[in-house]
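**Q** File name upload_1.tsv; file contents TSV, C-alpha atoms and all ligand atoms; full text below.
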chain	number	residue	atom	x	y	z
A	1	MET	CA	-127.38	-181.40	82.46
A	2	THR	CA	-127.03	-177.67	82.96
A	3	GLN	CA	-130.27	-177.18	81.03
A	4	LEU	CA	-132.04	-179.71	83.25
A	5	PHE	CA	-130.68	-178.02	86.39
A	6	LYS	CA	-131.87	-174.61	85.11
A	7	ALA	CA	-135.29	-176.00	84.30
A	8	ILE	CA	-135.59	-177.43	87.83
A	9	ALA	CA	-134.35	-174.18	89.38
A	10	ILE	CA	-136.89	-172.15	87.39
A	11	MET	CA	-139.66	-174.51	88.47
A	12	ILE	CA	-138.65	-174.11	92.10
A	13	ILE	CA	-138.62	-170.32	91.82
A	14	VAL	CA	-141.97	-170.22	90.02
A	15	LEU	CA	-143.73	-172.71	92.26
A	16	ALA	CA	-142.23	-171.86	95.64
A	17	PRO	CA	-144.22	-168.71	96.45
A	18	THR	CA	-147.44	-170.41	95.34
A	19	SER	CA	-146.97	-173.45	97.52
A	20	TRP	CA	-145.81	-171.26	100.40
A	21	ALA	CA	-148.97	-169.15	100.04
A	22	ALA	CA	-151.08	-172.31	99.84
A	23	ALA	CA	-149.46	-173.64	103.00
A	24	GLN	CA	-150.15	-170.33	104.74
A	25	SER	CA	-153.79	-170.28	103.76
A	26	ASP	CA	-154.16	-173.94	104.76
A	27	ALA	CA	-153.99	-172.90	108.35
A	28	PRO	CA	-156.88	-172.86	108.94
A	29	ALA	CA	-158.43	-173.60	105.53
A	30	GLN	CA	-162.04	-173.09	104.48
A	31	ALA	CA	-163.59	-176.42	103.59
A	32	GLU	CA	-166.08	-175.02	101.08
A	33	LYS	CA	-167.01	-171.75	99.38
A	34	THR	CA	-168.70	-169.78	102.09
A	35	TRP	CA	-168.73	-166.16	103.20
A	36	SER	CA	-169.51	-164.24	106.34
A	37	LEU	CA	-169.91	-160.62	107.36
A	38	VAL	CA	-170.17	-158.90	110.72
A	39	LEU	CA	-170.55	-155.19	111.43
A	40	HIS	CA	-170.82	-152.74	114.30
A	41	GLY	CA	-172.13	-149.21	114.63
A	42	GLY	CA	-170.48	-148.46	117.96
A	43	ALA	CA	-170.80	-149.62	121.56
A	44	GLY	CA	-171.66	-147.62	124.66
A	45	THR	CA	-174.37	-146.56	127.05
A	46	ILE	CA	-177.09	-147.88	124.77
A	47	SER	CA	-180.21	-148.99	126.65
A	48	ARG	CA	-183.95	-149.15	125.90
A	49	ASP	CA	-184.77	-146.17	128.11
A	50	ARG	CA	-182.39	-143.95	126.12
A	51	ILE	CA	-183.63	-144.79	122.61
A	52	THR	CA	-187.08	-144.06	121.22
A	53	GLN	CA	-188.92	-146.78	119.31
A	54	GLU	CA	-188.55	-144.75	116.12
A	55	LYS	CA	-184.81	-144.39	116.58
A	56	ASP	CA	-184.51	-148.07	117.41
A	57	ALA	CA	-186.28	-148.97	114.14
A	58	GLU	CA	-184.22	-146.44	112.15
A	59	ILE	CA	-180.93	-147.86	113.46
A	60	ARG	CA	-181.98	-151.46	112.77
A	61	ALA	CA	-183.03	-150.55	109.22
A	62	LYS	CA	-179.68	-148.89	108.56
A	63	LEU	CA	-177.70	-151.79	110.03
A	64	THR	CA	-179.72	-154.14	107.79
A	65	GLU	CA	-179.08	-151.96	104.73
A	66	ALA	CA	-175.33	-151.98	105.46
A	67	LEU	CA	-175.37	-155.78	105.94
A	68	ASP	CA	-177.25	-156.19	102.66
A	69	ALA	CA	-174.75	-154.00	100.80
A	70	GLY	CA	-171.80	-156.11	102.00
A	71	SER	CA	-173.64	-159.42	101.58
A	72	ALA	CA	-174.47	-158.59	97.95
A	73	VAL	CA	-170.76	-158.18	97.22
A	74	LEU	CA	-169.86	-161.47	98.92
A	75	LYS	CA	-172.75	-163.40	97.36
A	76	SER	CA	-171.62	-162.42	93.89
A	77	GLY	CA	-168.09	-163.67	94.62
A	78	GLY	CA	-166.63	-160.23	95.46
A	79	SER	CA	-163.68	-159.73	97.79
A	80	ALA	CA	-163.84	-159.23	101.53
A	81	THR	CA	-162.25	-155.81	101.06
A	82	ASP	CA	-164.96	-154.70	98.61
A	83	ALA	CA	-167.61	-156.05	100.99
A	84	ILE	CA	-166.47	-154.19	104.08
A	85	VAL	CA	-166.02	-150.95	102.12
A	86	ALA	CA	-169.59	-151.25	100.79
A	87	THR	CA	-170.87	-151.96	104.31
A	88	ILE	CA	-168.99	-149.14	106.00
A	89	MET	CA	-169.93	-146.55	103.35
A	90	VAL	CA	-173.64	-147.07	104.09
A	91	LEU	CA	-173.00	-146.26	107.76
A	92	GLU	CA	-170.64	-143.35	106.99
A	93	ASP	CA	-173.39	-141.74	104.88
A	94	ASP	CA	-175.96	-142.03	107.68
A	95	PRO	CA	-176.03	-139.22	110.30
A	96	ASN	CA	-176.94	-141.65	113.11
A	97	PHE	CA	-173.38	-142.94	113.23
A	98	ASN	CA	-170.20	-141.26	114.38
A	99	ALA	CA	-168.40	-141.73	111.07
A	100	GLY	CA	-168.56	-139.66	107.89
A	101	LYS	CA	-171.77	-137.56	108.02
A	102	GLY	CA	-172.80	-137.28	111.67
A	103	ALA	CA	-169.26	-137.46	113.05
A	104	VAL	CA	-168.77	-135.93	116.49
A	105	PHE	CA	-167.18	-132.47	116.85
A	106	THR	CA	-163.69	-131.59	118.00
A	107	TRP	CA	-163.22	-128.98	120.73
A	108	GLU	CA	-162.71	-126.39	117.98
A	109	GLY	CA	-166.08	-127.22	116.40
A	110	THR	CA	-164.76	-129.08	113.36
A	111	ASN	CA	-165.07	-132.73	112.29
A	112	SER	CA	-161.90	-134.79	112.12
A	113	LEU	CA	-162.14	-138.32	110.75
A	114	ASP	CA	-160.11	-141.46	111.38
A	115	SER	CA	-160.29	-144.68	109.36
A	116	SER	CA	-158.38	-147.88	108.69
A	117	ILE	CA	-158.53	-151.07	106.66
A	118	MET	CA	-156.55	-154.30	106.56
A	119	ASP	CA	-156.36	-157.22	104.14
A	120	GLY	CA	-155.77	-160.50	105.97
A	121	ALA	CA	-154.37	-162.30	102.91
A	122	THR	CA	-151.39	-159.98	102.47
A	123	ARG	CA	-151.49	-158.17	105.80
A	124	ASN	CA	-151.36	-154.98	103.78
A	125	ALA	CA	-153.05	-152.12	105.59
A	126	GLY	CA	-153.99	-148.47	105.18
A	127	ALA	CA	-155.21	-145.76	107.52
A	128	ALA	CA	-155.91	-142.04	107.67
A	129	ALA	CA	-156.09	-139.96	110.84
A	130	GLY	CA	-157.42	-136.45	111.42
A	131	THR	CA	-158.75	-135.93	107.91
A	132	SER	CA	-161.32	-133.28	107.11
A	133	THR	CA	-162.59	-133.36	103.54
A	134	THR	CA	-162.91	-136.94	102.26
A	135	LYS	CA	-166.61	-137.78	102.08
A	136	ASN	CA	-166.05	-141.48	102.79
A	137	PRO	CA	-162.95	-141.88	104.95
A	138	ILE	CA	-162.89	-145.68	104.47
A	139	LEU	CA	-162.11	-145.06	100.77
A	140	LEU	CA	-159.13	-142.98	101.82
A	141	ALA	CA	-157.84	-145.78	104.09
A	142	ARG	CA	-158.22	-148.16	101.16
A	143	ALA	CA	-156.37	-145.80	98.82
A	144	VAL	CA	-153.51	-145.57	101.34
A	145	MET	CA	-153.39	-149.37	101.47
A	146	GLU	CA	-153.52	-149.94	97.74
A	147	ASN	CA	-151.90	-146.88	96.19
A	148	SER	CA	-149.21	-145.70	98.59
A	149	ARG	CA	-146.16	-147.25	100.16
A	150	HIS	CA	-147.33	-146.12	103.60
A	151	VAL	CA	-149.74	-147.48	106.19
A	152	LEU	CA	-150.88	-144.34	108.05
A	153	LEU	CA	-151.29	-140.78	106.75
A	154	SER	CA	-152.51	-137.88	108.83
A	155	GLY	CA	-154.01	-134.39	108.73
A	156	GLU	CA	-153.51	-132.10	105.75
A	157	GLY	CA	-151.13	-134.55	104.08
A	158	ALA	CA	-153.81	-137.24	104.12
A	159	ASP	CA	-156.35	-134.74	102.71
A	160	GLN	CA	-153.90	-133.87	99.94
A	161	PHE	CA	-153.32	-137.56	99.12
A	162	SER	CA	-157.08	-138.02	99.02
A	163	ARG	CA	-157.47	-135.19	96.48
A	164	GLU	CA	-154.63	-136.59	94.39
A	165	GLN	CA	-156.39	-139.96	94.40
A	166	GLY	CA	-159.51	-138.31	93.01
A	167	LEU	CA	-161.69	-139.27	95.98
A	168	GLU	CA	-164.90	-137.30	96.46
A	169	GLN	CA	-164.23	-134.16	98.55
A	170	VAL	CA	-166.69	-132.22	100.66
A	171	ASP	CA	-166.57	-129.07	102.75
A	172	ASN	CA	-165.92	-129.96	106.39
A	173	SER	CA	-169.41	-128.62	107.24
A	174	TYR	CA	-170.91	-131.59	105.32
A	175	PHE	CA	-170.17	-133.85	108.31
A	176	ALA	CA	-171.88	-131.57	110.87
A	177	THR	CA	-175.29	-132.35	112.38
A	178	PRO	CA	-177.26	-130.36	114.99
A	179	SER	CA	-177.35	-133.21	117.52
A	180	ARG	CA	-173.55	-133.61	117.44
A	181	ARG	CA	-173.17	-129.84	117.89
A	182	GLU	CA	-175.43	-129.98	120.94
A	183	ALA	CA	-173.33	-132.87	122.28
A	184	LEU	CA	-170.23	-130.67	121.95
A	185	GLU	CA	-171.94	-127.83	123.80
A	186	ARG	CA	-172.95	-130.18	126.64
A	187	PHE	CA	-169.44	-131.61	126.72
A	188	LYS	CA	-167.90	-128.14	126.97
A	189	LEU	CA	-170.19	-127.15	129.84
A	190	ARG	CA	-169.25	-130.30	131.75
A	191	GLN	CA	-165.57	-129.95	130.87
A	192	ASN	CA	-165.47	-126.34	132.04
A	193	ALA	CA	-167.12	-127.37	135.31
A	194	ILE	CA	-164.51	-130.11	135.79
A	195	SER	CA	-161.69	-127.67	135.01
A	196	ALA	CA	-163.10	-125.15	137.50
A	197	LEU	CA	-162.80	-127.89	140.13
A	198	GLY	CA	-159.16	-128.46	139.11
A	199	GLY	CA	-159.86	-131.63	137.10
A	200	ASP	CA	-158.35	-133.05	133.93
A	201	GLN	CA	-158.78	-131.13	130.69
A	202	LEU	CA	-160.59	-133.94	128.92
A	203	ALA	CA	-163.42	-135.39	130.99
A	204	GLN	CA	-162.07	-138.61	132.44
A	205	ASP	CA	-165.33	-140.50	132.16
A	206	GLN	CA	-165.32	-139.95	128.41
A	207	LEU	CA	-161.90	-141.51	128.17
A	208	GLY	CA	-163.05	-144.46	130.21
A	209	ARG	CA	-166.52	-145.73	130.85
A	210	ASP	CA	-169.05	-143.22	129.50
A	211	TRP	CA	-168.14	-142.15	126.01
A	212	ARG	CA	-170.68	-141.94	123.20
A	213	PHE	CA	-171.24	-144.61	120.61
A	214	GLY	CA	-171.39	-144.52	116.84
A	215	THR	CA	-168.04	-145.60	115.41
A	216	VAL	CA	-168.58	-148.09	112.58
A	217	GLY	CA	-166.68	-151.16	111.45
A	218	ALA	CA	-166.98	-154.37	109.47
A	219	VAL	CA	-165.16	-157.66	109.08
A	220	ALA	CA	-165.76	-160.09	106.22
A	221	VAL	CA	-164.52	-163.44	105.00
A	222	ASP	CA	-165.03	-163.96	101.28
A	223	ASN	CA	-165.49	-167.24	99.45
A	224	GLU	CA	-161.75	-167.45	98.82
A	225	GLY	CA	-161.28	-167.54	102.60
A	226	ASN	CA	-159.73	-164.06	102.66
A	227	ILE	CA	-160.47	-161.78	105.57
A	228	ALA	CA	-160.68	-157.98	105.61
A	229	ALA	CA	-161.45	-155.61	108.47
A	230	GLY	CA	-162.11	-151.88	108.56
A	231	THR	CA	-163.13	-149.13	110.97
A	232	SER	CA	-164.26	-145.50	110.56
A	233	THR	CA	-164.98	-142.85	113.18
A	234	GLY	CA	-165.17	-139.19	114.14
A	235	GLY	CA	-163.45	-140.12	117.42
A	236	LEU	CA	-164.49	-138.48	120.68
A	237	THR	CA	-166.66	-135.39	121.19
A	238	GLY	CA	-164.51	-132.44	122.21
A	239	LYS	CA	-161.19	-134.08	121.32
A	240	GLN	CA	-158.27	-131.65	121.34
A	241	TRP	CA	-154.64	-131.30	120.35
A	242	GLY	CA	-154.92	-133.57	117.31
A	243	ARG	CA	-155.98	-136.49	119.50
A	244	ILE	CA	-156.07	-139.77	117.57
A	245	GLY	CA	-157.91	-142.82	118.91
A	246	ASP	CA	-157.56	-146.52	118.19
A	247	SER	CA	-159.67	-146.62	115.01
A	248	PRO	CA	-156.89	-145.70	112.55
A	249	ILE	CA	-154.26	-147.65	114.49
A	250	ILE	CA	-153.59	-151.04	112.89
A	251	GLY	CA	-153.44	-153.57	115.71
A	252	ALA	CA	-155.56	-151.49	118.09
A	253	GLY	CA	-158.86	-150.73	116.33
A	254	THR	CA	-158.44	-152.91	113.24
A	255	TYR	CA	-156.57	-156.08	112.37
A	256	ALA	CA	-156.89	-158.91	109.84
A	257	ASP	CA	-154.81	-162.04	109.36
A	258	ASN	CA	-156.01	-165.01	107.30
A	259	ARG	CA	-154.37	-167.36	109.80
A	260	SER	CA	-156.62	-166.33	112.67
A	261	CYS	CA	-159.26	-163.61	112.34
A	262	GLY	CA	-160.31	-160.10	111.50
A	263	VAL	CA	-161.30	-157.63	114.21
A	264	SER	CA	-162.82	-154.14	114.29
A	265	ALA	CA	-163.14	-152.31	117.59
A	266	THR	CA	-165.15	-149.51	119.12
A	267	GLY	CA	-164.85	-147.89	122.51
A	268	ALA	CA	-162.53	-145.87	124.68
A	269	GLY	CA	-159.71	-145.65	122.15
A	270	GLU	CA	-156.87	-144.88	124.54
A	271	TYR	CA	-157.39	-148.25	126.26
A	272	PHE	CA	-157.69	-150.16	122.99
A	273	ILE	CA	-154.36	-148.69	121.92
A	274	ARG	CA	-152.70	-149.61	125.23
A	275	VAL	CA	-153.84	-153.23	124.96
A	276	GLY	CA	-153.44	-153.48	121.19
A	277	VAL	CA	-156.84	-155.14	121.32
A	278	ALA	CA	-157.37	-156.19	117.68
A	279	HIS	CA	-153.90	-157.65	117.22
A	280	GLU	CA	-153.93	-159.25	120.67
A	281	ILE	CA	-157.13	-161.16	119.87
A	282	CYS	CA	-155.81	-162.36	116.49
A	283	THR	CA	-152.45	-163.42	117.92
A	284	ARG	CA	-153.92	-165.30	120.87
A	285	LEU	CA	-156.33	-167.00	118.49
A	286	ARG	CA	-153.62	-168.02	116.02
A	287	ILE	CA	-151.50	-169.53	118.76
A	288	ALA	CA	-154.47	-171.31	120.33
A	289	TYR	CA	-155.58	-172.65	116.92
A	290	GLU	CA	-152.09	-173.92	116.14
A	291	THR	CA	-151.26	-175.41	119.53
A	292	ARG	CA	-154.37	-176.38	121.50
A	293	PRO	CA	-155.74	-179.87	120.81
A	294	ASP	CA	-158.97	-178.88	122.57
A	295	PHE	CA	-159.51	-175.82	120.30
A	296	SER	CA	-163.20	-175.16	119.62
A	297	GLU	CA	-165.49	-172.26	118.70
A	298	THR	CA	-165.79	-171.51	122.41
A	299	THR	CA	-162.05	-170.83	122.49
A	300	THR	CA	-162.51	-167.95	120.01
A	301	GLN	CA	-165.23	-166.31	122.10
A	302	ASP	CA	-163.24	-166.85	125.33
A	303	ILE	CA	-160.19	-165.17	123.82
A	304	ALA	CA	-162.20	-162.17	122.60
A	305	ASP	CA	-163.93	-161.85	125.98
A	306	SER	CA	-160.69	-162.10	127.93
A	307	VAL	CA	-158.97	-159.37	125.89
A	308	ILE	CA	-162.00	-157.09	126.37
A	309	ALA	CA	-161.92	-157.88	130.11
A	310	GLU	CA	-158.22	-157.04	130.26
A	311	MET	CA	-158.90	-153.69	128.57
A	312	GLY	CA	-161.74	-153.14	131.08
A	313	ASP	CA	-159.40	-153.88	134.01
A	314	LEU	CA	-157.27	-150.92	132.91
A	315	GLY	CA	-160.35	-148.68	133.13
A	316	GLY	CA	-161.62	-148.71	129.55
A	317	SER	CA	-164.78	-150.03	127.96
A	318	GLY	CA	-166.11	-150.98	124.54
A	319	GLY	CA	-166.44	-153.87	122.16
A	320	ILE	CA	-165.23	-155.71	119.09
A	321	ILE	CA	-166.58	-157.77	116.23
A	322	TYR	CA	-164.66	-160.71	114.81
A	323	ALA	CA	-164.76	-163.18	111.92
A	324	THR	CA	-162.56	-166.25	111.46
A	325	PRO	CA	-161.56	-168.16	108.32
A	326	TRP	CA	-163.45	-171.20	109.63
A	327	GLY	CA	-166.71	-169.26	109.37
A	328	GLN	CA	-167.18	-168.13	112.95
A	329	ILE	CA	-168.49	-164.59	113.47
A	330	GLY	CA	-169.16	-162.91	116.77
A	331	TYR	CA	-169.02	-159.98	119.15
A	332	SER	CA	-167.62	-159.18	122.54
A	333	PHE	CA	-168.49	-156.02	124.48
A	334	ASP	CA	-168.69	-154.88	128.09
A	335	THR	CA	-171.14	-152.01	127.52
A	336	PRO	CA	-174.94	-152.08	127.93
A	337	GLY	CA	-175.29	-152.26	124.17
A	338	MET	CA	-173.58	-152.30	120.81
A	339	TYR	CA	-175.10	-151.62	117.41
A	340	ARG	CA	-174.28	-154.80	115.53
A	341	GLY	CA	-175.25	-157.25	112.81
A	342	MET	CA	-174.11	-160.38	111.05
A	343	ALA	CA	-174.90	-162.35	107.90
A	344	SER	CA	-173.45	-165.40	106.22
A	345	SER	CA	-173.79	-167.80	103.29
A	346	LYS	CA	-175.57	-170.19	105.68
A	347	GLY	CA	-178.52	-167.84	105.40
A	348	ASP	CA	-178.44	-166.34	108.88
A	349	LYS	CA	-178.90	-162.61	109.17
A	350	SER	CA	-179.46	-160.62	112.34
A	351	VAL	CA	-179.11	-157.12	113.75
A	352	ALA	CA	-179.16	-156.16	117.41
A	353	ILE	CA	-178.73	-153.14	119.66
A	354	TYR	CA	-179.00	-154.09	123.35
A	355	GLY	CA	-176.78	-156.39	125.37
A	356	ASP	CA	-179.58	-158.84	126.16
A	357	GLU	CA	-180.34	-159.61	122.50
A	358	GLU	CA	-178.93	-162.72	120.83
A	401	LIG	N1	-162.77	-145.81	119.43
A	401	LIG	C1	-163.13	-144.49	119.01
A	401	LIG	C2	-162.06	-143.53	119.44
A	401	LIG	O1	-161.54	-143.67	120.54
A	401	LIG	C3	-164.45	-144.02	119.58
A	401	LIG	C4	-165.58	-145.02	119.52
A	401	LIG	O2	-165.39	-146.16	119.14
A	401	LIG	O3	-166.72	-144.65	119.88
A	401	LIG	O4	-161.76	-142.62	118.71
Kindly return the structure encoded in the file as structure tokens.

**A**
Amino acid sequence: MTQLFKAIAIMIIVLAPTSWAAAQSDAPAQAEKTWSLVLHGGAGTISRDRITQEKDAEIRAKLTEALDAGSAVLKSGGSATDAIVATIMVLEDDPNFNAGKGAVFTWEGTNSLDSSIMDGATRNAGAAAGTSTTKNPILLARAVMENSRHVLLSGEGADQFSREQGLEQVDNSYFATPSRREALERFKLRQNAISALGGDQLAQDQLGRDWRFGTVGAVAVDNEGNIAAGTSTGGLTGKQWGRIGDSPIIGAGTYADNRSCGVSATGAGEYFIRVGVAHEICTRLRIAYETRPDFSETTTQDIADSVIAEMGDLGGSGGIIYATPWGQIGYSFDTPGMYRGMASSKGDKSVAIYGDEE
């Protein structure tokens, strides 16, 4: 009798976490083996009159290359986490984007990188803020997630962890590009003029409606139905005092939860932090999915749009990408443009820049 009881107890202990996990991933479940991937390369004052045809083509080619890198991982049955890391690394290595090489400059003339990643299956997450020597900051965020007991590391400590993890290190000057240096010089001229008039130290319009684009991010759903999201950025031109934006803040710039969605954001970070944009979208979506009988794909887009509108009402601006476990991928942004792209196992693949493109 005792033996039988023990055997039943052992079975309960062994099976319980599995069935609990299965129940969790049932809501909502993926019907068949499919995958999807969505990426952004920043939102902002992007319009046809500001971008040459050559630059337009260059950006589209790079967005396509990044999509292809992530899609290859997903097609071969790889994980969502591997896919978004592969996608983001392509954009970090390209000087056109404000992440990794080509990051914007701080007030002091250095480059200071922020990154984050989240796994929607476990809701494990990792992030690094204000780092200066890791060539691909998304790898550092991943190392924090997988190899530390912490979620967010910063500054010299994060750099030290990165070295201990054996990640590729570069001199801080690796990230610098002439066009970003010119942007800093322009910013300083404008900032000094504002200060002379008694204005705020950091140009208000940059905090709100006219900051520069280039942050990168990706969200993927793999053929196990697991979601991962990640974001990488140099932050804002001329940032001071160790300023950290939303990108390395789990819940603001990045969030992933298998029950609802994955989100990566770009825009005026202070406002994304105040609204908790990425988490807010996922939470509203989870509750709507679980409780609304009329739930449809339109509901997802409406929720994303309404959170972006709420952030805009506070004075901010920007955009997000999202992917859901039921195979929906999309964007929401209130800027003239957003570098973006999506691909899925259904065979669709597209990249876009301007607001009026599909
Ligand atoms: N969100 C980033 C930050 O505030 C900037 C951006 O997305 O362009 O640091």

**Q** Residues at most 6 Å from Thr215 of chain A, counting all atoms listed in the file, excluding those fewer than 5 positions away in the same chain, as an NGL selection string?

**A** :A and (41-42 or 98-99 or 233)

**Q** Taking only C-alpha atoms into account, name the residue in A:Leu167, A:Val90, A:Ala43, A:Ala72 that is nearest to Ser344 of chain A.

**A**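 Among the listed residues, the smallest separation from Ser344 of chain A belongs to A:Ala72.
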
**Q** Can you pull out every residue with an atom within 8 Å of ligand LIG 401 (chain A)? Use all atoms listed in the file and format it as an NGL selection string.

**A** :A and (42-44 or 98 or 114 or 207 or 211-216 or 233-236 or 244-247 or 253 or 265-270 or 272 or 318)

**Q** Name the closest residue to Gly109 of chain A among the candidates A:Leu153, A:Ile84, A:Leu314, A:Ala176; distances are taken between atoms, counting only C-alpha atoms.

**A**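 Going through A:Leu153, A:Ile84, A:Leu314, A:Ala176 one by one, the smallest distance to Gly109 of chain A is for A:Ala176.
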
**Q** Just the number, please: distance in Å from atom CA of Arg180 of chain A to atom CA of Thr110 of chain A, one decimal.

**A**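 Between atom CA of Arg180 of chain A and atom CA of Thr110 of chain A the gap is 10.7 Å.
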
**Q** Skipping near chain neighbours, those fewer than 3 positions away, what residues fall within 7 Å of Tyr255 of chain A using all atoms listed in the file, listed as a short mmCIF file (atom, residue, chain, number, x, y, z; two decimals) with C-alpha atoms, in the frame of the given file?

**A**
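Contents of result.cif, as written:
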data_model
loop_
_atom_site.label_atom_id
_atom_site.label_comp_id
_atom_site.auth_asym_id
_atom_site.auth_seq_id
_atom_site.Cartn_x
_atom_site.Cartn_y
_atom_site.Cartn_z
CA MET A 118 -156.55 -154.30 106.56
CA ALA A 229 -161.45 -155.61 108.47
CA ILE A 250 -153.59 -151.04 112.89
CA GLY A 251 -153.44 -153.57 115.71
CA GLY A 262 -160.31 -160.10 111.50
CA VAL A 263 -161.30 -157.63 114.21
CA SER A 264 -162.82 -154.14 114.29
CA ALA A 278 -157.37 -156.19 117.68
CA HIS A 279 -153.90 -157.65 117.22
#

**Q** Suppose you want the space between atom CA of Thr291 of chain A and atom CA of Cys261 of chain A; what is it in Å?

**A** 16.0 Å

**Q** Do you know which residues are at most 8 Å from Ile46 of chain A counting only C-alpha atoms, after dropping those on the same chain fewer than 4 positions away, and could you put them as a list in words?

**A** Arg50, Ile51, Phe213, Thr335, Pro336, Gly337, Met338, Ile353 and Tyr354 of chain A

**Q** Restricting it to C-alpha atoms, dump the selection as a tab-separated table (two decimals), in the frame of the given file.

**A**
chain	number	residue	atom	x	y	z
A	50	ARG	CA	-182.39	-143.95	126.12
A	51	ILE	CA	-183.63	-144.79	122.61
A	213	PHE	CA	-171.24	-144.61	120.61
A	335	THR	CA	-171.14	-152.01	127.52
A	336	PRO	CA	-174.94	-152.08	127.93
A	337	GLY	CA	-175.29	-152.26	124.17
A	338	MET	CA	-173.58	-152.30	120.81
A	353	ILE	CA	-178.73	-153.14	119.66
A	354	TYR	CA	-179.00	-154.09	123.35

**Q** Mind giving me the straight-line distance from atom CA of Ala352 of chain A to atom CA of Ala304 of chain A in Å, one decimal?

**A**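 Computing the Euclidean distance for atom CA of Ala352 of chain A and atom CA of Ala304 of chain A yields 18.7 Å.
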
**Q** Give me the residues near Asp82 of chain A as a list in words, where near means some atom within 12 Å (using only C-alpha atoms) and where sequence neighbours in that chain fewer than 5 positions away do not count.

**A**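 Here the answer would be Leu37, Ala69, Gly70, Ser71, Ala72, Val73, Leu74, Lys75, Ser76, Gly77, Thr87, Ile88, Met89, Ile117, Met118, Asp119, Ile138, Leu139, Arg142, Ala218, Val219, Ala220, Val221, Asp222, Asn226, Ile227, Ala228, Ala229 and Gly230 of chain A.
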
**Q** Quick one: of A:Arg149, A:His40, A:Gly78, A:Glu185, who's nearest to Glu224 of chain A, counting all atoms listed in the file?

**A**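 That would be A:Gly78, the residue with the smallest distance to Glu224 of chain A.
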
**Q** Quick one: residues within 10 Å of Ala141 of chain A, all atoms listed in the file, excluding same-chain residues fewer than 6 positions away - as an MDAnalysis selection string?

**A** chainID A and resid 85 114:118 125:129 147 151:153 158 162 230:232 248

**Q** Using all atoms of segment 105-109 of chain A listed in the file and a margin of 5 Å per side, can you give the axis-aligned box centre and edge lengths in Å to one decimal, as lines of an AutoDock Vina configuration file?

**A**
center_x = -164.9
center_y = -129.4
center_z = 118.6
size_x = 14.5
size_y = 16.1
size_z = 14.3

**Q** Measuring atom to atom with all atoms listed in the file, identify which of A:Ala343, A:Met311, A:Ala183, A:Cys282 is nearest to Thr324 of chain A.

**A**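 For Thr324 of chain A, the nearest of the candidates is A:Cys282.
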
**Q** Can you work out which one of A:Gly217, A:Glu146, A:Ile273, A:Ser296 has the shortest atom-to-atom distance to Tyr331 of chain A, counting all atoms listed in the file?

**A** A:Gly217

**Q** Please return segment 44-56 of chain A, rebuilt to N, CA and C atoms, as a PDB file, in the frame of the given file.

**A**
ATOM      1  N   GLY A  44    -171.618-148.663 123.640  1.00  0.00           N
ATOM      2  CA  GLY A  44    -171.660-147.620 124.660  1.00  0.00           C
ATOM      3  C   GLY A  44    -172.866-147.726 125.538  1.00  0.00           C
ATOM      4  N   THR A  45    -173.239-146.581 126.128  1.00  0.00           N
ATOM      5  CA  THR A  45    -174.370-146.560 127.050  1.00  0.00           C
ATOM      6  C   THR A  45    -175.679-146.578 126.265  1.00  0.00           C
ATOM      7  N   ILE A  46    -175.909-147.719 125.610  1.00  0.00           N
ATOM      8  CA  ILE A  46    -177.090-147.880 124.770  1.00  0.00           C
ATOM      9  C   ILE A  46    -178.089-148.754 125.532  1.00  0.00           C
ATOM     10  N   SER A  47    -179.201-148.167 125.958  1.00  0.00           N
ATOM     11  CA  SER A  47    -180.210-148.990 126.650  1.00  0.00           C
ATOM     12  C   SER A  47    -181.598-148.544 126.195  1.00  0.00           C
ATOM     13  N   ARG A  48    -182.603-149.406 126.451  1.00  0.00           N
ATOM     14  CA  ARG A  48    -183.950-149.150 125.900  1.00  0.00           C
ATOM     15  C   ARG A  48    -184.522-147.820 126.380  1.00  0.00           C
ATOM     16  N   ASP A  49    -184.195-147.417 127.604  1.00  0.00           N
ATOM     17  CA  ASP A  49    -184.770-146.170 128.110  1.00  0.00           C
ATOM     18  C   ASP A  49    -184.129-144.927 127.485  1.00  0.00           C
ATOM     19  N   ARG A  50    -183.056-145.094 126.733  1.00  0.00           N
ATOM     20  CA  ARG A  50    -182.390-143.950 126.120  1.00  0.00           C
ATOM     21  C   ARG A  50    -182.695-143.810 124.635  1.00  0.00           C
ATOM     22  N   ILE A  51    -183.373-144.812 124.062  1.00  0.00           N
ATOM     23  CA  ILE A  51    -183.630-144.790 122.610  1.00  0.00           C
ATOM     24  C   ILE A  51    -185.126-144.897 122.347  1.00  0.00           C
ATOM     25  N   THR A  52    -185.660-143.976 121.554  1.00  0.00           N
ATOM     26  CA  THR A  52    -187.080-144.060 121.220  1.00  0.00           C
ATOM     27  C   THR A  52    -187.321-145.236 120.271  1.00  0.00           C
ATOM     28  N   GLN A  53    -188.582-145.656 120.200  1.00  0.00           N
ATOM     29  CA  GLN A  53    -188.920-146.780 119.310  1.00  0.00           C
ATOM     30  C   GLN A  53    -188.585-146.447 117.853  1.00  0.00           C
ATOM     31  N   GLU A  54    -188.820-145.160 117.504  1.00  0.00           N
ATOM     32  CA  GLU A  54    -188.550-144.750 116.120  1.00  0.00           C
ATOM     33  C   GLU A  54    -187.059-144.854 115.814  1.00  0.00           C
ATOM     34  N   LYS A  55    -186.268-144.360 116.777  1.00  0.00           N
ATOM     35  CA  LYS A  55    -184.810-144.390 116.580  1.00  0.00           C
ATOM     36  C   LYS A  55    -184.310-145.823 116.520  1.00  0.00           C
ATOM     37  N   ASP A  56    -184.860-146.652 117.379  1.00  0.00           N
ATOM     38  CA  ASP A  56    -184.510-148.070 117.410  1.00  0.00           C
ATOM     39  C   ASP A  56    -184.746-148.683 116.022  1.00  0.00           C
TER      40      ASP A  56
END
